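S.K.: To be precise about what I am sending: the file is called query.json and holds JSON, C-alpha atoms.
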```json
[["chain", "number", "residue", "atom", "x", "y", "z"],
["A", 1, "MET", "CA", 5.72, 27.79, 14.31],
["A", 2, "SER", "CA", 7.11, 27.86, 10.76],
["A", 3, "LYS", "CA", 8.79, 24.75, 9.42],
["A", 4, "ILE", "CA", 12.33, 24.58, 8.07],
["A", 5, "SER", "CA", 14.08, 22.23, 5.65],
["A", 6, "TYR", "CA", 16.14, 19.38, 7.08],
["A", 7, "SER", "CA", 19.75, 20.48, 6.68],
["A", 8, "LYS", "CA", 21.79, 18.16, 8.91],
["A", 9, "THR", "CA", 24.75, 16.60, 7.12],
["A", 10, "PHE", "CA", 24.88, 12.82, 6.78],
["A", 11, "LEU", "CA", 27.85, 11.43, 8.71],
["A", 12, "GLU", "CA", 29.86, 8.28, 8.04],
["A", 13, "HIS", "CA", 30.19, 5.87, 10.96],
["A", 14, "GLN", "CA", 33.62, 7.04, 12.12],
["A", 15, "SER", "CA", 32.38, 10.63, 12.05],
["A", 16, "GLN", "CA", 29.37, 9.63, 14.13],
["A", 17, "ILE", "CA", 31.73, 8.35, 16.85],
["A", 18, "ALA", "CA", 33.79, 11.54, 16.64],
["A", 19, "LEU", "CA", 30.62, 13.63, 17.04],
["A", 20, "LEU", "CA", 29.52, 11.65, 20.10],
["A", 21, "LYS", "CA", 32.97, 11.98, 21.67],
["A", 22, "SER", "CA", 32.92, 15.74, 21.06],
["A", 23, "ARG", "CA", 29.67, 15.87, 23.03],
["A", 24, "GLY", "CA", 31.19, 14.03, 25.97],
["A", 25, "MET", "CA", 30.29, 10.37, 25.37],
["A", 26, "LYS", "CA", 32.87, 7.82, 26.56],
["A", 27, "PHE", "CA", 33.75, 4.63, 24.66],
["A", 28, "GLU", "CA", 35.25, 1.48, 26.18],
["A", 29, "ASP", "CA", 35.62, -0.26, 22.81],
["A", 30, "GLU", "CA", 35.42, 1.94, 19.71],
["A", 31, "ASP", "CA", 35.74, -1.01, 17.32],
["A", 32, "LYS", "CA", 32.66, -2.65, 18.83],
["A", 33, "ALA", "CA", 30.82, 0.68, 18.81],
["A", 34, "LEU", "CA", 31.65, 1.09, 15.12],
["A", 35, "TYR", "CA", 30.32, -2.41, 14.39],
["A", 36, "LEU", "CA", 27.09, -1.65, 16.27],
["A", 37, "LEU", "CA", 26.58, 1.66, 14.48],
["A", 38, "GLU", "CA", 27.08, -0.13, 11.16],
["A", 39, "ASN", "CA", 24.50, -2.81, 11.98],
["A", 40, "ILE", "CA", 21.93, -1.11, 14.21],
["A", 41, "CYS", "CA", 21.99, 2.53, 13.02],
["A", 42, "TYR", "CA", 22.86, 5.74, 14.82],
["A", 43, "TYR", "CA", 19.26, 6.97, 14.87],
["A", 44, "ARG", "CA", 17.85, 3.81, 16.48],
["A", 45, "LEU", "CA", 20.52, 3.84, 19.18],
["A", 46, "SER", "CA", 20.08, 7.56, 19.84],
["A", 47, "GLY", "CA", 16.81, 6.86, 21.66],
["A", 48, "TYR", "CA", 18.82, 4.94, 24.25],
["A", 49, "TRP", "CA", 21.50, 7.56, 24.87],
["A", 50, "TYR", "CA", 18.94, 10.37, 25.08],
["A", 51, "PRO", "CA", 18.44, 9.75, 28.85],
["A", 52, "LEU", "CA", 22.21, 10.16, 29.27],
["A", 53, "LEU", "CA", 22.16, 13.76, 28.03],
["A", 54, "ALA", "CA", 22.71, 16.55, 30.57],
["A", 55, "ASP", "CA", 21.79, 19.22, 28.02],
["A", 56, "LYS", "CA", 19.18, 17.79, 25.67],
["A", 57, "GLN", "CA", 18.93, 20.92, 23.53],
["A", 58, "ASN", "CA", 22.64, 21.03, 22.74],
["A", 59, "HIS", "CA", 23.15, 17.24, 23.00],
["A", 60, "ILE", "CA", 25.80, 17.38, 25.72],
["A", 61, "PHE", "CA", 26.23, 14.17, 27.73],
["A", 62, "LYS", "CA", 26.37, 13.78, 31.48],
["A", 63, "PRO", "CA", 29.80, 13.10, 33.01],
["A", 64, "ASN", "CA", 30.84, 9.44, 32.47],
["A", 65, "ALA", "CA", 27.96, 8.76, 30.06],
["A", 66, "SER", "CA", 29.13, 5.89, 27.88],
["A", 67, "PHE", "CA", 28.15, 4.22, 24.64],
["A", 68, "GLU", "CA", 28.12, 0.90, 26.49],
["A", 69, "THR", "CA", 25.53, 2.19, 28.99],
["A", 70, "ALA", "CA", 23.28, 3.21, 26.10],
["A", 71, "PHE", "CA", 23.77, -0.15, 24.38],
["A", 72, "ASN", "CA", 22.86, -1.97, 27.61],
["A", 73, "LEU", "CA", 19.57, -0.04, 27.61],
["A", 74, "TYR", "CA", 19.07, -1.13, 24.01],
["A", 75, "LYS", "CA", 19.66, -4.79, 24.96],
["A", 76, "PHE", "CA", 17.31, -4.50, 27.95],
["A", 77, "ASP", "CA", 14.60, -3.05, 25.74],
["A", 78, "ARG", "CA", 15.07, -5.77, 23.13],
["A", 79, "GLU", "CA", 14.71, -8.53, 25.73],
["A", 80, "LEU", "CA", 11.76, -6.74, 27.34],
["A", 81, "ARG", "CA", 9.92, -6.62, 24.00],
["A", 82, "LYS", "CA", 10.52, -10.33, 23.44],
["A", 83, "LEU", "CA", 9.23, -11.15, 26.90],
["A", 84, "ILE", "CA", 6.12, -9.01, 26.49],
["A", 85, "SER", "CA", 5.41, -10.41, 23.01],
["A", 86, "SER", "CA", 5.46, -13.93, 24.40],
["A", 87, "GLU", "CA", 2.92, -13.06, 27.10],
["A", 88, "LEU", "CA", 0.67, -11.07, 24.75],
["A", 89, "GLU", "CA", 0.38, -14.18, 22.59],
["A", 90, "LYS", "CA", -1.27, -16.01, 25.49],
["A", 91, "ILE", "CA", -3.69, -13.14, 26.09],
["A", 92, "GLU", "CA", -4.55, -12.83, 22.38],
["A", 93, "ILE", "CA", -5.30, -16.56, 22.08],
["A", 94, "ALA", "CA", -7.53, -16.44, 25.17],
["A", 95, "VAL", "CA", -9.47, -13.43, 23.86],
["A", 96, "ARG", "CA", -9.97, -15.17, 20.50],
["A", 97, "SER", "CA", -11.26, -18.31, 22.20],
["A", 98, "LYS", "CA", -13.62, -16.61, 24.65],
["A", 99, "MET", "CA", -15.00, -14.15, 22.12],
["A", 100, "ALA", "CA", -15.74, -16.90, 19.59],
["A", 101, "TYR", "CA", -17.36, -19.05, 22.28],
["A", 102, "VAL", "CA", -19.59, -16.35, 23.78],
["A", 103, "LEU", "CA", -20.85, -15.04, 20.44],
["A", 104, "SER", "CA", -21.29, -18.51, 18.91],
["A", 105, "THR", "CA", -23.32, -19.58, 21.95],
["A", 106, "ALA", "CA", -25.46, -16.44, 21.88],
["A", 107, "HIS", "CA", -26.00, -16.47, 18.08],
["A", 108, "ASN", "CA", -24.29, -19.08, 15.90],
["A", 109, "ALA", "CA", -20.81, -20.01, 14.76],
["A", 110, "PHE", "CA", -21.10, -17.62, 11.79],
["A", 111, "TRP", "CA", -21.90, -14.54, 13.90],
["A", 112, "ILE", "CA", -19.10, -12.58, 12.23],
["A", 113, "GLU", "CA", -21.20, -12.36, 9.05],
["A", 114, "ASP", "CA", -24.18, -10.84, 10.89],
["A", 115, "ASN", "CA", -23.78, -7.10, 10.45],
["A", 116, "SER", "CA", -26.73, -6.43, 12.79],
["A", 117, "LEU", "CA", -24.43, -7.29, 15.74],
["A", 118, "PHE", "CA", -22.19, -4.31, 15.02],
["A", 119, "THR", "CA", -22.59, -0.57, 15.35],
["A", 120, "ASN", "CA", -20.33, 1.11, 12.79],
["A", 121, "GLN", "CA", -21.02, -0.51, 9.44],
["A", 122, "ALA", "CA", -18.12, 1.18, 7.63],
["A", 123, "ILE", "CA", -15.61, -0.09, 10.18],
["A", 124, "TYR", "CA", -17.36, -3.47, 10.21],
["A", 125, "ARG", "CA", -16.98, -3.84, 6.42],
["A", 126, "SER", "CA", -13.33, -2.74, 6.39],
["A", 127, "THR", "CA", -12.50, -5.07, 9.30],
["A", 128, "LEU", "CA", -14.27, -7.96, 7.57],
["A", 129, "ASP", "CA", -12.23, -7.22, 4.43],
["A", 130, "LYS", "CA", -9.00, -7.40, 6.49],
["A", 131, "ILE", "CA", -10.12, -10.68, 8.06],
["A", 132, "LYS", "CA", -10.89, -12.03, 4.59],
["A", 133, "GLU", "CA", -7.41, -10.99, 3.39],
["A", 134, "GLU", "CA", -5.85, -12.75, 6.39],
["A", 135, "LEU", "CA", -7.94, -15.83, 5.63],
["A", 136, "ASN", "CA", -6.95, -15.85, 1.95],
["A", 137, "ARG", "CA", -3.24, -15.48, 2.82],
["A", 138, "SER", "CA", -3.33, -18.36, 5.28],
["A", 139, "ASP", "CA", -1.70, -21.63, 4.26],
["A", 140, "GLU", "CA", -2.80, -23.44, 7.41],
["A", 141, "GLU", "CA", -3.89, -26.99, 6.57],
["A", 142, "PHE", "CA", -7.20, -26.61, 8.42],
["A", 143, "ILE", "CA", -8.04, -23.52, 6.33],
["A", 144, "LEU", "CA", -7.07, -25.16, 3.04],
["A", 145, "SER", "CA", -9.09, -28.23, 4.02],
["A", 146, "PHE", "CA", -12.15, -26.08, 4.82],
["A", 147, "LYS", "CA", -11.91, -24.24, 1.49],
["A", 148, "SER", "CA", -11.63, -27.48, -0.46],
["A", 149, "LYS", "CA", -14.70, -28.99, 1.19],
["A", 150, "TYR", "CA", -17.15, -26.15, 1.90],
["A", 151, "SER", "CA", -18.63, -23.32, -0.15],
["A", 152, "ASP", "CA", -19.07, -20.87, 2.74],
["A", 153, "PRO", "CA", -17.15, -17.58, 2.32],
["A", 154, "PHE", "CA", -15.96, -17.79, 5.93],
["A", 155, "PRO", "CA", -15.33, -20.75, 8.22],
["A", 156, "PRO", "CA", -17.16, -20.84, 11.56],
["A", 157, "SER", "CA", -15.69, -18.34, 14.03],
["A", 158, "PHE", "CA", -13.84, -20.92, 16.14],
["A", 159, "ILE", "CA", -11.81, -21.69, 12.98],
["A", 160, "LEU", "CA", -11.73, -18.17, 11.53],
["A", 161, "MET", "CA", -10.41, -16.63, 14.75],
["A", 162, "GLU", "CA", -7.23, -18.69, 14.35],
["A", 163, "THR", "CA", -6.22, -16.54, 11.37],
["A", 164, "THR", "CA", -7.63, -13.24, 12.64],
["A", 165, "SER", "CA", -5.09, -10.67, 13.83],
["A", 166, "PHE", "CA", -5.17, -9.18, 17.32],
["A", 167, "GLY", "CA", -5.90, -5.77, 15.76],
["A", 168, "ALA", "CA", -8.94, -7.04, 13.84],
["A", 169, "LEU", "CA", -10.16, -8.88, 16.92],
["A", 170, "SER", "CA", -9.90, -5.72, 19.03],
["A", 171, "CYS", "CA", -11.70, -3.75, 16.33],
["A", 172, "LEU", "CA", -14.57, -6.27, 16.17],
["A", 173, "TYR", "CA", -15.03, -6.05, 19.92],
["A", 174, "SER", "CA", -15.00, -2.25, 19.84],
["A", 175, "ILE", "CA", -17.90, -2.12, 17.35],
["A", 176, "LEU", "CA", -20.00, -4.85, 18.95],
["A", 177, "LYS", "CA", -23.35, -3.36, 19.92],
["A", 178, "PRO", "CA", -23.49, -2.46, 23.63],
["A", 179, "GLY", "CA", -25.32, -5.05, 25.66],
["A", 180, "LYS", "CA", -25.14, -8.56, 27.03],
["A", 181, "ASP", "CA", -22.68, -10.02, 24.49],
["A", 182, "LYS", "CA", -20.11, -7.33, 25.06],
["A", 183, "LYS", "CA", -20.50, -7.46, 28.83],
["A", 184, "ASP", "CA", -20.34, -11.26, 28.94],
["A", 185, "ILE", "CA", -17.00, -11.33, 27.09],
["A", 186, "ALA", "CA", -15.48, -8.65, 29.33],
["A", 187, "LYS", "CA", -16.85, -10.36, 32.44],
["A", 188, "LEU", "CA", -14.80, -13.47, 31.63],
["A", 189, "PHE", "CA", -11.75, -11.26, 32.22],
["A", 190, "GLY", "CA", -13.20, -9.58, 35.31],
["A", 191, "LEU", "CA", -13.55, -6.17, 33.68],
["A", 192, "PRO", "CA", -16.28, -3.72, 32.67],
["A", 193, "ASP", "CA", -16.78, -3.76, 28.90],
["A", 194, "LYS", "CA", -15.51, -0.19, 28.27],
["A", 195, "VAL", "CA", -12.32, -0.91, 30.24],
["A", 196, "PHE", "CA", -11.82, -4.25, 28.50],
["A", 197, "GLU", "CA", -12.21, -2.54, 25.12],
["A", 198, "SER", "CA", -9.64, 0.14, 25.94],
["A", 199, "TRP", "CA", -7.18, -2.39, 27.40],
["A", 200, "LEU", "CA", -7.43, -4.55, 24.28],
["A", 201, "HIS", "CA", -6.76, -1.52, 22.09],
["A", 202, "SER", "CA", -3.72, -0.60, 24.20],
["A", 203, "LEU", "CA", -2.32, -4.14, 24.11],
["A", 204, "VAL", "CA", -2.62, -4.21, 20.31],
["A", 205, "TYR", "CA", -0.68, -0.94, 20.24],
["A", 206, "ILE", "CA", 2.03, -2.42, 22.50],
["A", 207, "ARG", "CA", 2.14, -5.58, 20.41],
["A", 208, "ASN", "CA", 2.73, -3.49, 17.28],
["A", 209, "ILE", "CA", 5.57, -1.62, 18.98],
["A", 210, "CYS", "CA", 7.17, -4.96, 19.83],
["A", 211, "ALA", "CA", 6.57, -6.37, 16.34],
["A", 212, "HIS", "CA", 8.28, -3.35, 14.74],
["A", 213, "HIS", "CA", 11.20, -3.50, 17.20],
["A", 214, "SER", "CA", 10.55, 0.07, 18.38],
["A", 215, "ARG", "CA", 11.79, 1.53, 21.67],
["A", 216, "LEU", "CA", 9.44, 0.59, 24.51],
["A", 217, "TRP", "CA", 11.05, 0.75, 27.96],
["A", 218, "ASN", "CA", 10.60, 4.48, 28.71],
["A", 219, "ARG", "CA", 8.04, 5.30, 26.02],
["A", 220, "GLN", "CA", 5.01, 7.50, 26.61],
["A", 221, "VAL", "CA", 2.16, 5.23, 25.49],
["A", 222, "GLY", "CA", 0.20, 6.82, 22.66],
["A", 223, "ILE", "CA", -3.03, 4.88, 23.28],
["A", 224, "LYS", "CA", -3.93, 5.30, 26.94],
["A", 225, "PRO", "CA", -5.89, 2.48, 28.63],
["A", 226, "LEU", "CA", -8.74, 3.47, 30.90],
["A", 227, "PHE", "CA", -8.53, 3.45, 34.69],
["A", 228, "PRO", "CA", -11.16, 0.97, 35.95],
["A", 229, "ARG", "CA", -13.39, 2.06, 38.81],
["A", 230, "HIS", "CA", -13.63, -1.57, 39.87],
["A", 231, "THR", "CA", -12.28, -4.95, 38.77],
["A", 232, "HIS", "CA", -13.36, -8.46, 39.65],
["A", 233, "ASN", "CA", -9.77, -9.53, 40.35],
["A", 234, "VAL", "CA", -6.79, -8.03, 42.18],
["A", 235, "TRP", "CA", -5.67, -4.71, 40.69],
["A", 236, "ILE", "CA", -3.27, -1.90, 41.62],
["A", 237, "ASP", "CA", -3.74, 1.35, 43.48],
["A", 238, "THR", "CA", -3.74, 3.84, 40.60],
["A", 239, "ASN", "CA", -3.29, 6.98, 42.72],
["A", 240, "GLY", "CA", -0.30, 8.81, 41.29],
["A", 241, "VAL", "CA", 0.13, 6.20, 38.54],
["A", 242, "SER", "CA", 0.30, 7.29, 34.88],
["A", 243, "ASN", "CA", -1.56, 5.25, 32.29],
["A", 244, "LYS", "CA", 0.87, 6.63, 29.68],
["A", 245, "GLN", "CA", 3.85, 4.69, 31.04],
["A", 246, "LEU", "CA", 4.90, 1.07, 30.90],
["A", 247, "TYR", "CA", 4.25, 0.20, 34.56],
["A", 248, "TYR", "CA", 0.52, 0.51, 33.93],
["A", 249, "VAL", "CA", 0.74, -1.66, 30.81],
["A", 250, "LEU", "CA", 2.81, -4.30, 32.61],
["A", 251, "SER", "CA", 0.19, -4.32, 35.38],
["A", 252, "MET", "CA", -2.51, -4.88, 32.76],
["A", 253, "ILE", "CA", -0.58, -7.80, 31.31],
["A", 254, "ILE", "CA", -0.22, -9.37, 34.77],
["A", 255, "TYR", "CA", -3.94, -8.84, 35.38],
["A", 256, "PHE", "CA", -4.84, -10.66, 32.15],
["A", 257, "LEU", "CA", -2.34, -13.44, 32.77],
["A", 258, "ASN", "CA", -3.76, -14.02, 36.25],
["A", 259, "VAL", "CA", -7.03, -14.86, 34.46],
["A", 260, "VAL", "CA", -5.81, -16.87, 31.47],
["A", 261, "ASN", "CA", -2.70, -18.48, 32.94],
["A", 262, "PRO", "CA", -2.76, -18.27, 36.77],
["A", 263, "LYS", "CA", 0.55, -20.15, 37.11],
["A", 264, "HIS", "CA", 2.39, -17.73, 34.82],
["A", 265, "THR", "CA", 5.97, -16.75, 35.59],
["A", 266, "PHE", "CA", 5.91, -13.34, 33.93],
["A", 267, "LYS", "CA", 6.67, -11.41, 37.13],
["A", 268, "GLN", "CA", 9.70, -13.58, 37.89],
["A", 269, "LYS", "CA", 10.97, -13.31, 34.33],
["A", 270, "LEU", "CA", 10.59, -9.56, 34.50],
["A", 271, "GLU", "CA", 12.44, -9.41, 37.82],
["A", 272, "ASN", "CA", 15.23, -11.55, 36.38],
["A", 273, "LEU", "CA", 15.53, -9.10, 33.51],
["A", 274, "PHE", "CA", 15.86, -6.16, 35.90],
["A", 275, "LEU", "CA", 18.52, -8.08, 37.85],
["A", 276, "LYS", "CA", 20.41, -8.68, 34.60],
["A", 277, "TYR", "CA", 20.34, -4.93, 33.86],
["A", 278, "PRO", "CA", 20.55, -3.27, 37.30],
["A", 279, "ASN", "CA", 21.18, 0.22, 35.89],
["A", 280, "VAL", "CA", 17.74, 0.42, 34.26],
["A", 281, "ASP", "CA", 15.68, 3.14, 35.95],
["A", 282, "ARG", "CA", 12.26, 1.72, 36.83],
["A", 283, "ALA", "CA", 11.00, 5.22, 37.63],
["A", 284, "ALA", "CA", 11.49, 6.08, 33.94],
["A", 285, "MET", "CA", 9.02, 3.28, 33.21],
["A", 286, "GLY", "CA", 6.44, 4.74, 35.59],
["A", 287, "PHE", "CA", 7.02, 2.41, 38.53],
["A", 288, "PRO", "CA", 5.75, 4.31, 41.59],
["A", 289, "VAL", "CA", 7.27, 4.34, 45.06],
["A", 290, "GLY", "CA", 5.90, 1.33, 46.93],
["A", 291, "TRP", "CA", 5.02, -0.72, 43.85],
["A", 292, "ARG", "CA", 6.46, -3.85, 45.47],
["A", 293, "SER", "CA", 3.73, -3.77, 48.12],
["A", 294, "GLU", "CA", 1.00, -4.09, 45.49],
["A", 295, "SER", "CA", -0.73, -7.48, 45.76],
["A", 296, "LEU", "CA", -0.81, -7.77, 41.96],
["A", 297, "TRP", "CA", 2.99, -7.58, 41.86],
["A", 298, "GLN", "CA", 3.76, -9.87, 44.79]]
```
Written as structure tokens, how would this file's structure read?

M.R.:
Amino acid sequence: MSKISYSKTFLEHQSQIALLKSRGMKFEDEDKALYLLENICYYRLSGYWYPLLADKQNHIFKPNASFETAFNLYKFDRELRKLISSELEKIEIAVRSKMAYVLSTAHNAFWIEDNSLFTNQAIYRSTLDKIKEELNRSDEEFILSFKSKYSDPFPPSFILMETTSFGALSCLYSILKPGKDKKDIAKLFGLPDKVFESWLHSLVYIRNICAHHSRLWNRQVGIKPLFPRHTHNVWIDTNGVSNKQLYYVLSMIIYFLNVVNPKHTFKQKLENLFLKYPNVDRAAMGFPVGWRSESLWQ
């Protein structure tokens, strides 16, 4: 298919409202809509009124589709991202801790400098460079204290992991040589190592979506986590479930939280969010029929 030049005319905010009205969108408060378009941007909000279109090719809205309905989806998504980010923090910290402990016990506290533990040396070197950049940017007192006292290029891993990003951590795990170390870390989370690796990668992807304030609620996940054949802990029936939709990711988060924080309230917080926004379509997030009967979700 041949490409064409972008030729759409830029519209001022009032003209954007006029265009939406011409396509059938209703407005309860045009002044508020104008304010939101000025401060959020037409393009960002358009992802939330896309489900309200009856004719997606010609951009014609369904009867009674309103700007306020789209903005409610935007608010739901914003609160959902905040909730997920908070829970991913707990998972990230647990992975840091367990990975540092297992590898320090099996080797020594400076295992990260031992390139023989890793498979892909090019990725290992680039990841180590990123970790070094993160370390050099850190103004944490414990890092500054270590640098002032010791000549080592890196602190021991139980210190270094505190400044290592989730992405770098996931990358290190992915290039660990197959074997006991890799299996032992994954086993602490009740997962086979290949599944654990793919789930980590997916959670980093979700974390980045949240960090960049991108649309999440009905997104098709670009990095698909594996379906496990077996898990040590309670999991879901994956028949008919898509690993490209958010239901699967939310189930993964619950699975991890059941390990690292068994008294978590994530499910209740999520339910409260759905109650606050009752018009949100869970099916658009990949929730299957009968999801409430899943032990993981009860």

S.K.: For range 233-239 of chain A, list every protein, DNA or RNA residue within 9 Å, evaluated using all atoms listed in the file, and leave out those in the same chain fewer than 6 positions away; present the list as number ranges by chain.

M.R.: A: 189-191, 227, 248, 251-252, 255, 258-259, 291, 294-297

S.K.: What is the CA of Leu103 in chain A to CA of Glu140 in chain A distance in Å?

M.R.: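 Separation between CA of Leu103 in chain A and CA of Glu140 in chain A: 23.8 Å.
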
S.K.: Please list, as JSON, numbers by chain, the residues that have an atom at most 12 Å away from (3.2, -15.2, 23.5) in the coordinates of this file, counting only C-alpha atoms.

M.R.: {"A": [81, 82, 83, 84, 85, 86, 87, 88, 89, 90, 91, 92, 93, 94, 207, 210, 211, 253, 257, 261, 264, 266]}

S.K.: Show me a table, sorted first by chain and then by increasing residue number, of the residues of range 169-264 of chain A having an atom at most 10 Å from range 270-283 of chain A, each with its shortest atom pair and the distance in Å to one decimal, counting only C-alpha atoms and written as JSON lines.

M.R.:
```
{"residue": "A:Trp217", "atom": "CA", "partner": "A:Arg282", "partner_atom": "CA", "distance": 9.0}
{"residue": "A:Asn218", "atom": "CA", "partner": "A:Arg282", "partner_atom": "CA", "distance": 8.7}
{"residue": "A:Gln245", "atom": "CA", "partner": "A:Ala283", "partner_atom": "CA", "distance": 9.7}
{"residue": "A:Leu246", "atom": "CA", "partner": "A:Arg282", "partner_atom": "CA", "distance": 9.5}
{"residue": "A:Tyr247", "atom": "CA", "partner": "A:Arg282", "partner_atom": "CA", "distance": 8.5}
{"residue": "A:Leu250", "atom": "CA", "partner": "A:Leu270", "partner_atom": "CA", "distance": 9.6}
```

S.K.: Write the residues of the preceding selection, restricted to C-alpha atoms, as a CSV table (one decimal), in the coordinates of the input.

M.R.:
```csv
chain,number,residue,atom,x,y,z
A,217,TRP,CA,11.0,0.8,28.0
A,218,ASN,CA,10.6,4.5,28.7
A,245,GLN,CA,3.8,4.7,31.0
A,246,LEU,CA,4.9,1.1,30.9
A,247,TYR,CA,4.2,0.2,34.6
A,250,LEU,CA,2.8,-4.3,32.6
```

S.K.: To one decimal place, how far is CA of Leu34 in chain A from CA of His13 in chain A in Å?

M.R.: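 We find that CA of Leu34 in chain A and CA of His13 in chain A lie 6.5 Å from each other.
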
S.K.: Rounded to one decimal place, report the CA of Trp111 in chain A-CA of Ile185 in chain A distance in Å.

M.R.: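 Result for CA of Trp111 in chain A versus CA of Ile185 in chain A: 14.4 Å, one decimal.
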
S.K.: Give me, as a ChimeraX atom specification, all polymer residues having an atom no more than 12 Å from Ile123 in chain A, counting only C-alpha atoms and skipping those fewer than 4 positions away in the same chain.

M.R.: /A:115,118-119,127-130,168,170-176

S.K.: Would you save the residues from that selection as an mmCIF file, keeping the file's coordinate frame, using C-alpha atoms?

M.R.:
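out_22.cif written:
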```cif
data_model
loop_
_atom_site.group_PDB
_atom_site.id
_atom_site.type_symbol
_atom_site.label_atom_id
_atom_site.label_comp_id
_atom_site.auth_asym_id
_atom_site.auth_seq_id
_atom_site.Cartn_x
_atom_site.Cartn_y
_atom_site.Cartn_z
ATOM 1 C CA ASN A 115 -23.780 -7.100 10.450
ATOM 2 C CA PHE A 118 -22.190 -4.310 15.020
ATOM 3 C CA THR A 119 -22.590 -0.570 15.350
ATOM 4 C CA THR A 127 -12.500 -5.070 9.300
ATOM 5 C CA LEU A 128 -14.270 -7.960 7.570
ATOM 6 C CA ASP A 129 -12.230 -7.220 4.430
ATOM 7 C CA LYS A 130 -9.000 -7.400 6.490
ATOM 8 C CA ALA A 168 -8.940 -7.040 13.840
ATOM 9 C CA SER A 170 -9.900 -5.720 19.030
ATOM 10 C CA CYS A 171 -11.700 -3.750 16.330
ATOM 11 C CA LEU A 172 -14.570 -6.270 16.170
ATOM 12 C CA TYR A 173 -15.030 -6.050 19.920
ATOM 13 C CA SER A 174 -15.000 -2.250 19.840
ATOM 14 C CA ILE A 175 -17.900 -2.120 17.350
ATOM 15 C CA LEU A 176 -20.000 -4.850 18.950
#
```

S.K.: Restricting the calculation to all atoms listed in the file: of A:Leu160, A:Asp181, A:Met285, A:Glu134, which residue gets closest to Val241 in chain A?

M.R.: A:Met285

S.K.: Excluding Ser138 in chain A and its own-chain neighbours fewer than 6 positions away, which residues fall within 12 Å of it when counting all atoms listed in the file? Please give them as a PDB file with C-alpha atoms, in the frame of the given file.

M.R.:
```
ATOM      1  CA  ILE A 131     -10.120 -10.680   8.060  1.00  0.00           C
ATOM      2  CA  LYS A 132     -10.890 -12.030   4.590  1.00  0.00           C
ATOM      3  CA  LEU A 144      -7.070 -25.160   3.040  1.00  0.00           C
ATOM      4  CA  SER A 145      -9.090 -28.230   4.020  1.00  0.00           C
ATOM      5  CA  PHE A 146     -12.150 -26.080   4.820  1.00  0.00           C
ATOM      6  CA  LYS A 147     -11.910 -24.240   1.490  1.00  0.00           C
ATOM      7  CA  ILE A 159     -11.810 -21.690  12.980  1.00  0.00           C
ATOM      8  CA  LEU A 160     -11.730 -18.170  11.530  1.00  0.00           C
ATOM      9  CA  MET A 161     -10.410 -16.630  14.750  1.00  0.00           C
ATOM     10  CA  GLU A 162      -7.230 -18.690  14.350  1.00  0.00           C
ATOM     11  CA  THR A 163      -6.220 -16.540  11.370  1.00  0.00           C
ATOM     12  CA  THR A 164      -7.630 -13.240  12.640  1.00  0.00           C
ATOM     13  CA  SER A 165      -5.090 -10.670  13.830  1.00  0.00           C
TER      14      SER A 165
END
```

S.K.: Considering only C-alpha atoms, state which residue in the set A:Glu197, A:Glu12, A:Asp139, A:Asp152 is at the smallest distance from Gly167 in chain A.

M.R.: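 Nearest candidate to Gly167 in chain A out of A:Glu197, A:Glu12, A:Asp139, A:Asp152: A:Glu197.
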
S.K.: Could you list, as number ranges by chain, every residue within 10 Å of range 55-69 of chain A, counting all atoms listed in the file and ignoring same-chain residues fewer than 3 positions away?

M.R.: A: 17, 20-30, 32-33, 45-46, 48-52, 72-75, 279-280

S.K.: Output as JSON the centre and edge lengths (Å, one decimal) of the box along x, y and z of the file that holds every listed atom of range 231-239 of chain A after adding 8 Å on each side.

M.R.:
```
{"center_x": -8.3, "center_y": -1.3, "center_z": 41.1, "size_x": 26.1, "size_y": 32.5, "size_z": 20.7}
```

S.K.: Tell me which of A:Arg215, A:Lys177, A:Thr9, A:Asp193 sits closest to Tyr124 in chain A, counting all atoms listed in the file.

M.R.: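 Counting all atoms listed in the file, the residue closest to Tyr124 in chain A is A:Lys177.
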
S.K.: May I ask which of the residues A:Ser2, A:Ser214, A:Gln268, A:Ser242 is the closest one to Leu226 in chain A, counting only C-alpha atoms?

M.R.: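 Of A:Ser2, A:Ser214, A:Gln268, A:Ser242, the one nearest Leu226 in chain A, counting only C-alpha atoms, is A:Ser242.
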